[in-house]
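What follows is my_file14.txt (compact mmCIF, C-alpha atoms).
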```
# COMPACT_ATOMS: atom_id res chain seq x y z
CA MET A 1 31.57 8.22 -25.24
CA THR A 2 30.67 11.68 -23.94
CA LEU A 3 27.15 12.50 -22.79
CA TYR A 4 26.51 14.66 -25.85
CA ASP A 5 27.78 11.92 -28.16
CA GLU A 6 25.42 9.48 -26.46
CA LEU A 7 22.47 11.81 -27.05
CA VAL A 8 23.39 11.92 -30.74
CA ALA A 9 23.85 8.14 -30.89
CA ARG A 10 20.45 7.63 -29.31
CA GLY A 11 18.85 9.78 -32.04
CA LEU A 12 17.84 12.61 -29.72
CA ILE A 13 19.54 15.61 -31.33
CA ALA A 14 18.24 17.08 -34.58
CA GLN A 15 19.44 20.71 -34.68
CA VAL A 16 21.54 22.97 -32.50
CA THR A 17 22.53 26.63 -32.67
CA ASP A 18 26.17 26.24 -31.59
CA GLU A 19 27.30 22.63 -31.33
CA ALA A 20 30.78 23.29 -29.91
CA GLU A 21 29.45 25.40 -27.03
CA ILE A 22 26.55 23.04 -26.37
CA LYS A 23 28.87 20.02 -26.24
CA GLU A 24 31.11 21.80 -23.76
CA LEU A 25 28.23 22.75 -21.47
CA ILE A 26 26.57 19.34 -21.49
CA ASN A 27 29.73 17.27 -21.19
CA THR A 28 31.03 19.32 -18.26
CA GLY A 29 27.68 19.41 -16.43
CA LYS A 30 27.34 23.17 -16.81
CA ALA A 31 24.10 23.24 -18.77
CA VAL A 32 21.18 24.91 -17.01
CA PHE A 33 18.44 23.94 -19.42
CA TYR A 34 14.69 24.10 -19.62
CA ILE A 35 11.90 22.21 -21.33
CA GLY A 36 8.38 23.63 -21.38
CA PHE A 37 5.19 21.72 -20.54
CA ASP A 38 1.86 23.43 -21.20
CA PRO A 39 -0.75 22.04 -18.75
CA THR A 40 -3.56 21.44 -21.23
CA ALA A 41 -4.74 18.34 -19.32
CA ASP A 42 -4.59 17.05 -15.76
CA SER A 43 -1.94 14.46 -16.60
CA LEU A 44 1.29 14.25 -18.52
CA HIS A 45 1.26 11.89 -21.52
CA VAL A 46 3.89 9.74 -23.22
CA GLY A 47 5.02 12.61 -25.42
CA HIS A 48 6.01 14.48 -22.25
CA PHE A 49 7.61 11.29 -20.95
CA MET A 50 10.28 11.37 -23.64
CA ALA A 51 11.23 14.89 -22.56
CA LEU A 52 11.34 13.84 -18.89
CA ILE A 53 13.67 10.96 -19.70
CA LEU A 54 15.98 13.36 -21.53
CA MET A 55 15.98 15.65 -18.49
CA LYS A 56 16.87 12.70 -16.29
CA ARG A 57 19.78 11.74 -18.56
CA LEU A 58 21.19 15.24 -18.45
CA GLN A 59 20.68 15.55 -14.69
CA MET A 60 22.60 12.29 -14.18
CA GLY A 61 25.46 13.99 -16.06
CA GLY A 62 25.53 16.86 -13.58
CA ASN A 63 23.42 19.34 -15.54
CA LYS A 64 20.53 21.25 -13.97
CA PRO A 65 17.02 20.92 -15.44
CA ILE A 66 14.28 23.52 -15.23
CA ALA A 67 10.80 22.11 -15.80
CA LEU A 68 8.82 25.12 -17.01
CA VAL A 69 5.11 24.58 -16.48
CA GLY A 70 3.10 26.87 -18.74
CA GLY A 71 0.49 28.29 -16.40
CA GLY A 72 0.71 31.47 -18.49
CA THR A 73 1.21 30.17 -22.03
CA ALA A 74 -1.61 27.64 -21.56
CA MET A 75 -3.99 30.59 -21.44
CA ILE A 76 -3.15 31.15 -25.14
CA GLY A 77 -2.36 27.67 -26.45
CA ASP A 78 0.44 26.61 -28.77
CA PRO A 79 -0.78 26.54 -32.41
CA SER A 80 2.11 24.28 -33.50
CA GLY A 81 0.90 21.29 -35.49
CA ARG A 82 -2.77 22.14 -35.04
CA SER A 83 -5.45 22.78 -37.64
CA ASP A 84 -7.80 24.57 -35.23
CA MET A 85 -7.69 26.74 -32.14
CA ARG A 86 -7.30 25.08 -28.76
CA LYS A 87 -10.22 25.16 -26.35
CA MET A 88 -9.87 28.05 -23.91
CA MET A 89 -9.37 26.95 -20.30
CA THR A 90 -10.15 28.84 -17.13
CA THR A 91 -7.34 29.84 -14.79
CA GLU A 92 -8.76 27.41 -12.23
CA MET A 93 -8.48 24.50 -14.69
CA ILE A 94 -4.95 25.52 -15.64
CA ASP A 95 -3.81 25.86 -12.03
CA HIS A 96 -5.26 22.44 -11.19
CA ASN A 97 -3.41 20.90 -14.12
CA VAL A 98 -0.17 22.61 -13.07
CA GLU A 99 -0.35 20.96 -9.66
CA CYS A 100 -0.99 17.56 -11.28
CA PHE A 101 2.06 18.04 -13.51
CA LYS A 102 4.27 18.95 -10.57
CA LYS A 103 3.37 15.78 -8.69
CA GLN A 104 4.04 13.57 -11.71
CA MET A 105 7.33 15.21 -12.63
CA SER A 106 8.78 14.60 -9.18
CA ARG A 107 8.70 10.86 -9.90
CA PHE A 108 11.27 11.27 -12.67
CA ILE A 109 13.36 14.34 -11.86
CA GLU A 110 15.16 15.07 -8.59
CA PHE A 111 14.07 18.51 -7.39
CA GLY A 112 15.58 20.57 -4.60
CA ASP A 113 18.35 23.00 -3.73
CA GLY A 114 21.14 22.76 -6.28
CA LYS A 115 19.14 20.20 -8.26
CA ALA A 116 16.21 20.55 -10.67
CA GLN A 117 13.60 23.31 -10.39
CA ILE A 118 9.94 23.57 -11.33
CA VAL A 119 9.02 27.05 -12.53
CA ASN A 120 5.60 28.36 -13.58
CA ASN A 121 5.57 31.04 -16.30
CA ALA A 122 2.28 32.33 -14.88
CA ASP A 123 4.51 34.10 -12.36
CA TRP A 124 5.58 36.63 -15.01
CA LEU A 125 3.14 36.29 -17.90
CA ARG A 126 -0.21 36.77 -16.16
CA ASN A 127 0.69 40.18 -14.76
CA LEU A 128 2.35 41.64 -17.84
CA ASN A 129 1.29 45.12 -18.94
CA PHE A 130 0.41 44.78 -22.61
CA LEU A 131 1.82 48.10 -23.79
CA ASP A 132 5.01 47.74 -21.79
CA PHE A 133 5.50 44.20 -23.09
CA MET A 134 4.92 45.17 -26.73
CA ARG A 135 7.28 48.15 -26.49
CA ASP A 136 9.94 46.00 -24.85
CA ILE A 137 9.69 42.71 -26.77
CA GLY A 138 7.77 43.54 -29.96
CA PRO A 139 10.76 45.20 -31.71
CA CYS A 140 12.72 41.93 -31.42
CA PHE A 141 10.40 40.21 -33.92
CA SER A 142 9.87 40.48 -37.67
CA VAL A 143 6.32 39.65 -38.72
CA ASN A 144 7.64 38.49 -42.09
CA ASP A 145 9.90 35.97 -40.39
CA MET A 146 7.15 34.86 -38.04
CA LEU A 147 4.77 34.12 -40.90
CA ARG A 148 7.33 31.75 -42.39
CA ALA A 149 7.69 29.83 -39.14
CA ARG A 150 6.79 26.17 -39.28
CA CYS A 151 4.61 26.41 -36.17
CA TYR A 152 2.14 28.61 -38.08
CA VAL A 153 2.15 26.82 -41.45
CA ASN A 154 -0.81 24.54 -40.72
CA ARG A 155 -2.95 27.47 -39.65
CA MET A 156 -2.35 29.95 -42.47
CA GLN A 157 -4.95 28.29 -44.70
CA THR A 158 -7.66 27.86 -42.06
CA GLY A 159 -7.06 31.07 -40.16
CA LEU A 160 -4.66 32.05 -37.40
CA SER A 161 -5.93 34.24 -34.57
CA PHE A 162 -3.80 37.05 -33.19
CA LEU A 163 -4.08 35.33 -29.80
CA GLU A 164 -2.20 32.30 -31.11
CA PHE A 165 0.13 34.43 -33.23
CA SER A 166 1.41 35.98 -30.00
CA TYR A 167 2.41 32.56 -28.58
CA MET A 168 5.88 32.79 -30.08
CA LEU A 169 6.50 36.08 -28.23
CA MET A 170 5.37 34.48 -24.98
CA GLN A 171 7.63 31.45 -25.37
CA GLY A 172 10.56 33.62 -26.42
CA TYR A 173 9.99 35.79 -23.36
CA ASP A 174 10.11 32.67 -21.18
CA PHE A 175 13.69 31.94 -22.27
CA TYR A 176 14.64 35.58 -21.70
CA LYS A 177 13.22 35.52 -18.15
CA LEU A 178 14.78 32.17 -17.30
CA TYR A 179 18.14 33.38 -18.64
CA GLN A 180 18.05 36.49 -16.49
CA ASP A 181 16.47 35.12 -13.32
CA TYR A 182 17.65 31.49 -13.21
CA GLY A 183 20.88 31.45 -15.21
CA CYS A 184 19.29 29.24 -17.86
CA ASN A 185 21.65 28.89 -20.83
CA MET A 186 19.94 26.22 -22.92
CA GLU A 187 16.48 25.21 -24.18
CA PHE A 188 15.32 21.85 -25.47
CA GLY A 189 12.16 21.31 -27.51
CA GLY A 190 10.38 18.93 -29.85
CA ASP A 191 10.64 18.87 -33.61
CA ASP A 192 7.74 21.29 -34.02
CA GLN A 193 9.20 23.95 -31.71
CA TRP A 194 12.31 25.20 -33.53
CA SER A 195 10.89 28.61 -34.49
CA ASN A 196 9.53 29.21 -30.99
CA MET A 197 12.86 28.22 -29.47
CA LEU A 198 14.88 30.53 -31.68
CA ALA A 199 12.56 33.36 -30.62
CA GLY A 200 13.98 33.25 -27.11
CA THR A 201 17.55 33.27 -28.35
CA GLU A 202 16.79 36.30 -30.52
CA ILE A 203 15.28 38.25 -27.62
CA ILE A 204 18.34 37.56 -25.48
CA ARG A 205 20.74 38.62 -28.19
CA LYS A 206 18.85 41.76 -29.14
CA LYS A 207 18.13 42.83 -25.58
CA LEU A 208 21.43 41.87 -23.97
CA GLY A 209 23.92 41.97 -26.82
CA LYS A 210 25.73 39.51 -29.07
CA ASP A 211 27.76 38.06 -26.22
CA ALA A 212 24.65 36.87 -24.39
CA TYR A 213 24.97 33.18 -23.71
CA ALA A 214 21.92 31.17 -24.77
CA MET A 215 21.66 27.96 -26.75
CA THR A 216 18.82 26.00 -28.28
CA ILE A 217 18.57 22.34 -29.15
CA GLN A 218 15.84 20.57 -31.07
CA LEU A 219 15.03 17.00 -30.18
CA LEU A 220 14.50 14.53 -32.96
CA LEU A 221 11.17 12.92 -32.17
CA LYS A 222 10.03 10.43 -34.77
CA HIS A 223 6.51 10.84 -33.41
CA ASP A 224 5.72 14.48 -32.76
CA GLY A 225 3.19 15.64 -30.18
CA THR A 226 0.24 15.20 -32.58
CA LYS A 227 1.00 11.51 -33.22
CA MET A 228 2.90 9.98 -30.36
CA GLY A 229 0.86 8.36 -27.62
CA LYS A 230 -2.39 8.27 -29.57
CA THR A 231 -4.53 5.14 -29.74
CA SER A 232 -8.07 4.44 -30.87
CA GLY A 233 -9.06 4.89 -27.23
CA GLY A 234 -7.43 8.32 -26.90
CA ALA A 235 -4.15 9.55 -25.48
CA VAL A 236 -1.76 7.42 -23.43
CA TRP A 237 -1.38 9.12 -20.05
CA LEU A 238 1.10 8.72 -17.21
CA ASP A 239 -1.71 8.88 -14.63
CA PRO A 240 -2.74 5.26 -13.84
CA GLU A 241 -6.33 6.41 -13.33
CA LYS A 242 -6.47 7.55 -16.96
CA THR A 243 -4.28 4.85 -18.55
CA SER A 244 -3.83 1.72 -16.44
CA PRO A 245 -0.35 0.20 -16.09
CA TYR A 246 -1.53 -2.73 -18.21
CA GLU A 247 -2.79 -0.43 -20.97
CA PHE A 248 0.46 1.53 -20.78
CA TYR A 249 2.44 -1.71 -21.11
CA GLN A 250 0.31 -2.84 -24.04
CA TYR A 251 0.78 0.46 -25.87
CA TRP A 252 4.55 -0.07 -25.99
CA ARG A 253 4.21 -3.82 -26.56
CA ASN A 254 2.24 -3.07 -29.73
CA VAL A 255 4.44 -0.42 -31.36
CA ASP A 256 5.38 -0.96 -35.00
CA ASP A 257 8.35 -3.19 -35.73
CA ALA A 258 10.07 -0.25 -37.42
CA ASP A 259 9.87 1.87 -34.23
CA VAL A 260 10.86 -0.49 -31.42
CA LEU A 261 14.65 -0.03 -31.60
CA SER A 262 14.30 3.73 -31.97
CA PHE A 263 12.19 3.87 -28.81
CA LEU A 264 14.62 1.61 -26.95
CA ARG A 265 17.46 4.01 -27.78
CA LYS A 266 15.57 7.21 -26.97
CA MET A 267 13.50 6.23 -23.96
CA THR A 268 15.32 3.53 -22.00
CA PHE A 269 18.61 3.48 -20.13
CA LEU A 270 19.68 0.17 -21.63
CA PRO A 271 23.28 0.31 -22.88
CA LEU A 272 23.59 1.19 -26.55
CA GLU A 273 25.69 -1.93 -27.11
CA GLU A 274 22.80 -4.08 -25.93
CA ILE A 275 20.36 -2.30 -28.24
CA GLU A 276 22.77 -2.58 -31.17
CA GLU A 277 22.73 -6.37 -30.71
CA MET A 278 18.94 -6.26 -31.07
CA GLU A 279 19.35 -4.70 -34.51
CA LYS A 280 20.23 -8.21 -35.72
CA TRP A 281 16.93 -9.59 -34.45
CA GLU A 282 14.18 -10.55 -36.87
CA GLY A 283 10.67 -11.97 -36.86
CA SER A 284 9.49 -13.16 -33.46
CA GLN A 285 12.64 -11.77 -31.83
CA LEU A 286 11.24 -8.29 -32.44
CA ASN A 287 8.36 -9.23 -30.14
CA THR A 288 10.94 -9.90 -27.44
CA ALA A 289 12.39 -6.42 -28.06
CA LYS A 290 8.90 -4.96 -27.70
CA GLU A 291 8.41 -6.80 -24.41
CA ILE A 292 11.70 -5.37 -23.14
CA LEU A 293 10.63 -1.86 -24.21
CA ALA A 294 7.20 -2.19 -22.60
CA PHE A 295 8.62 -3.57 -19.35
CA GLU A 296 11.35 -0.93 -19.02
CA LEU A 297 9.02 2.00 -19.64
CA THR A 298 6.22 0.64 -17.44
CA LYS A 299 8.75 0.11 -14.66
CA MET A 300 9.90 3.74 -14.92
CA VAL A 301 6.37 5.16 -14.89
CA HIS A 302 4.47 2.77 -12.62
CA GLY A 303 7.13 0.83 -10.71
CA GLU A 304 8.61 -2.64 -11.05
CA GLU A 305 5.71 -4.42 -9.35
CA GLU A 306 3.16 -3.04 -11.82
CA ALA A 307 5.52 -3.76 -14.71
CA ASN A 308 5.80 -7.40 -13.62
CA LYS A 309 2.03 -7.70 -13.17
CA SER A 310 1.35 -6.14 -16.58
CA GLN A 311 3.87 -8.39 -18.31
CA ALA A 312 2.46 -11.49 -16.61
CA ALA A 313 -1.11 -10.48 -17.46
CA ALA A 314 -0.23 -9.92 -21.11
CA LYS A 315 1.42 -13.33 -21.40
CA ALA A 316 -1.41 -15.07 -19.56
CA ILE A 317 -4.05 -13.51 -21.77
CA PHE A 318 -2.34 -14.51 -24.99
CA THR A 319 -1.67 -18.07 -23.83
CA SER A 320 -4.75 -19.00 -21.79
CA GLY A 321 -7.16 -16.11 -21.64
CA SER A 322 -6.74 -15.95 -17.84
CA ALA A 323 -8.25 -12.89 -16.18
CA GLU A 324 -5.61 -12.76 -13.42
CA ASN A 325 -3.96 -9.31 -13.31
CA MET A 326 -6.07 -8.24 -16.27
CA PRO A 327 -7.24 -4.61 -16.28
CA GLU A 328 -10.79 -4.17 -15.01
CA GLU A 329 -13.59 -1.91 -16.17
CA LYS A 330 -16.76 -1.44 -14.18
CA ILE A 331 -20.26 -1.01 -15.53
CA THR A 332 -23.07 0.44 -13.47
CA GLU A 333 -26.82 0.07 -13.28
CA ALA A 334 -27.09 3.22 -15.40
CA ASP A 335 -25.60 1.26 -18.33
CA PHE A 336 -28.53 -1.17 -18.32
CA ARG A 337 -31.83 -0.77 -20.17
CA ASP A 338 -34.82 -2.74 -18.87
CA GLY A 339 -32.52 -4.97 -16.85
CA SER A 340 -30.03 -5.88 -19.56
CA ILE A 341 -27.16 -4.49 -21.62
CA ASP A 342 -26.28 -5.53 -25.16
CA ILE A 343 -22.77 -6.44 -26.30
CA VAL A 344 -22.46 -3.11 -28.09
CA GLY A 345 -23.17 -1.27 -24.83
CA VAL A 346 -20.71 -3.48 -22.93
CA LEU A 347 -17.91 -2.58 -25.36
CA VAL A 348 -18.60 1.13 -24.97
CA ALA A 349 -18.99 0.96 -21.19
CA ALA A 350 -15.74 -1.02 -20.93
CA LYS A 351 -13.95 1.62 -23.04
CA LEU A 352 -12.96 -0.86 -25.72
CA ALA A 353 -14.93 1.21 -28.25
CA ASN A 354 -15.41 4.94 -28.49
CA SER A 355 -18.96 4.74 -29.85
CA ARG A 356 -21.78 2.29 -30.47
CA ASN A 357 -21.06 2.44 -34.20
CA GLU A 358 -17.44 1.39 -33.63
CA ALA A 359 -18.57 -1.38 -31.26
CA ARG A 360 -21.21 -2.61 -33.73
CA ARG A 361 -18.64 -2.86 -36.53
CA ALA A 362 -16.26 -4.82 -34.31
CA VAL A 363 -18.99 -7.37 -33.50
CA GLU A 364 -20.17 -7.70 -37.10
CA GLN A 365 -16.59 -8.22 -38.28
CA GLY A 366 -16.06 -11.07 -35.83
CA GLY A 367 -13.55 -9.27 -33.66
CA VAL A 368 -15.27 -9.61 -30.27
CA THR A 369 -15.22 -12.49 -27.78
CA VAL A 370 -16.64 -13.00 -24.28
CA ASN A 371 -14.83 -15.63 -22.20
CA GLY A 372 -13.23 -16.94 -25.38
CA GLU A 373 -16.53 -17.27 -27.29
CA LYS A 374 -16.91 -15.20 -30.44
CA ILE A 375 -19.93 -12.87 -30.42
CA THR A 376 -21.36 -12.08 -33.86
CA ASP A 377 -24.91 -10.97 -33.02
CA ILE A 378 -25.06 -7.27 -32.05
CA HIS A 379 -28.28 -7.97 -30.12
CA THR A 380 -26.60 -10.38 -27.69
CA SER A 381 -27.58 -9.12 -24.23
CA TYR A 382 -26.55 -9.76 -20.64
CA THR A 383 -28.19 -9.29 -17.26
CA ALA A 384 -26.35 -8.15 -14.15
CA GLU A 385 -25.81 -11.78 -13.08
CA ALA A 386 -23.44 -12.33 -16.02
CA PHE A 387 -20.95 -9.93 -14.49
CA ALA A 388 -20.98 -11.61 -11.08
CA GLU A 389 -18.87 -14.37 -12.62
CA GLU A 390 -15.75 -13.96 -14.76
CA PHE A 391 -16.57 -11.82 -17.79
CA VAL A 392 -13.50 -11.42 -20.01
CA LEU A 393 -14.16 -9.11 -22.95
CA ARG A 394 -11.79 -9.08 -25.90
CA LYS A 395 -11.79 -6.80 -28.96
CA GLY A 396 -9.38 -7.71 -31.72
CA LYS A 397 -6.07 -9.29 -30.79
CA LYS A 398 -4.75 -6.61 -28.46
CA LYS A 399 -7.56 -5.18 -26.31
CA PHE A 400 -8.80 -7.06 -23.27
CA CYS A 401 -10.46 -6.35 -19.95
CA LYS A 402 -12.40 -8.02 -17.20
CA VAL A 403 -15.83 -6.42 -16.88
CA THR A 404 -17.33 -6.19 -13.41
CA MET A 405 -20.11 -4.37 -11.58
```
Would you mind writing the file out in structure tokens?
Amino acid sequence: MTLYDELVARGLIAQVTDEAEIKELINTGKAVFYIGFDPTADSLHVGHFMALILMKRLQMGGNKPIALVGGGTAMIGDPSGRSDMRKMMTTEMIDHNVECFKKQMSRFIEFGDGKAQIVNNADWLRNLNFLDFMRDIGPCFSVNDMLRARCYVNRMQTGLSFLEFSYMLMQGYDFYKLYQDYGCNMEFGGDDQWSNMLAGTEIIRKKLGKDAYAMTIQLLLKHDGTKMGKTSGGAVWLDPEKTSPYEFYQYWRNVDDADVLSFLRKMTFLPLEEIEEMEKWEGSQLNTAKEILAFELTKMVHGEEEANKSQAAAKAIFTSGSAENMPEEKITEADFRDGSIDIVGVLVAAKLANSRNEARRAVEQGGVTVNGEKITDIHTSYTAEAFAEEFVLRKGKKKFCKVTM
């Protein structure tokens, strides 16, 4: 099986502009491709992780990845899949996030001379002259075509600012610059990026002629960026300070039955033959498949030691309620009122509930235990001494932590 055929078999390819040429480039290791990452936070999340794994696959086949960090495009914000405008960030915030991204990416992709590159589009976007840019790039775009683009559909009813409308030009210009300056001949993107990706191809063709060599590929992501990696507690991050290895493990351990094999194909390096055997599994065997998925992905992100600890902790919790290797959350004196804290406050402080209302409902519905004892009274309170001993807090069947001071 060729590398391209494997990408198709793993469910990673949705659309391409020229399949024959793309196959040839990828299978012969001649693809110089880029994937963009806008630094809208100080950590990559699991949606980015899927793209990083794809880059790793292609690099292992001899192709050269370019990780494009959007220090310039992040100043506008991609409107794709959003119903409102993104919060504007300062350049200082963006630059900080860029550095965080670079450190995380180096754990998955091999960078260096003749290998992968990290490029920041701030290098060319922040210093653009507006009139020169519009005269040079503006004629490549039809407003009529842009208004039909999927990336703008969700915003046409609620209002689309000109700032966001210009994002497509910026992303298209990225491909044009990377093509000219880095020899980039291919772009990959998620299932909400097709219009933006084609924009770059159009600029190259119109500016450099029909023979210009540039390809685009759309990844088939069952969970797009607005859905994947979201939990009731927020996003699932690759930074262990934001999402602990145990929480990361549990996220994948608890995916829907219908998704587990798809994720195994797309995000692990397990042989396809092995995954195909799992397609015969039913019932409790699917839990085994989820454990394999969770372990493999946690190992890639946090290392084998943390994957083993997370797996052992999960099994111990479900069998005996042991707090060994369980994730910990600390509460402080500021969380106490008149020397005590109620169970509702503990749930919020331990990040097992996003608000007191959510915590109160969980208690009233019988979904909260402390050291294995069900708590049904929302007024149940604890002094600091309670947290000097083992204090295992559980919400529902899947959220646990040891609470300490």
Please, what distance in Å, to one decimal, runs between CA of Asn371 (chain A) and CA of Met326 (chain A)? 12.9 Å
Choose the residue, out of A:Phe108, A:Lys207, A:Phe101, A:Phe188, that has the smallest atom-to-atom separation from Pro139 (chain A); count only C-alpha atoms. A:Lys207
What does the structure give for the distance between CA of Tyr179 (chain A) and CA of Ile204 (chain A), in Å to one decimal?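 So the two atoms, CA of Tyr179 (chain A) and CA of Ile204 (chain A), lie 8.0 Å apart.
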Rank A:Gly366, A:Val344, A:Met55, A:Phe248 by their smallest atom-to-atom distance to Lys299 (chain A), using all atoms listed in the file, and report the top residue only.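 The shortest atom-to-atom distance to Lys299 (chain A) comes from A:Phe248.
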Residue with smallest distance to Lys102 (chain A) - pool A:Val368, A:Ala353, A:Leu44, A:Leu54, counting all atoms listed in the file: A:Leu44
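For the residues A:Val143, A:Ala51, A:Leu238, A:Val46, ranking by smallest atom-to-atom distance to Lys103 (chain A) using all atoms listed in the file places A:Leu238 first.
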In Å, with one decimal, what is the gap from CA of Lys309 (chain A) to CA of Met60 (chain A)?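 About the pair CA of Lys309 (chain A) and CA of Met60 (chain A): they are 28.7 Å apart.
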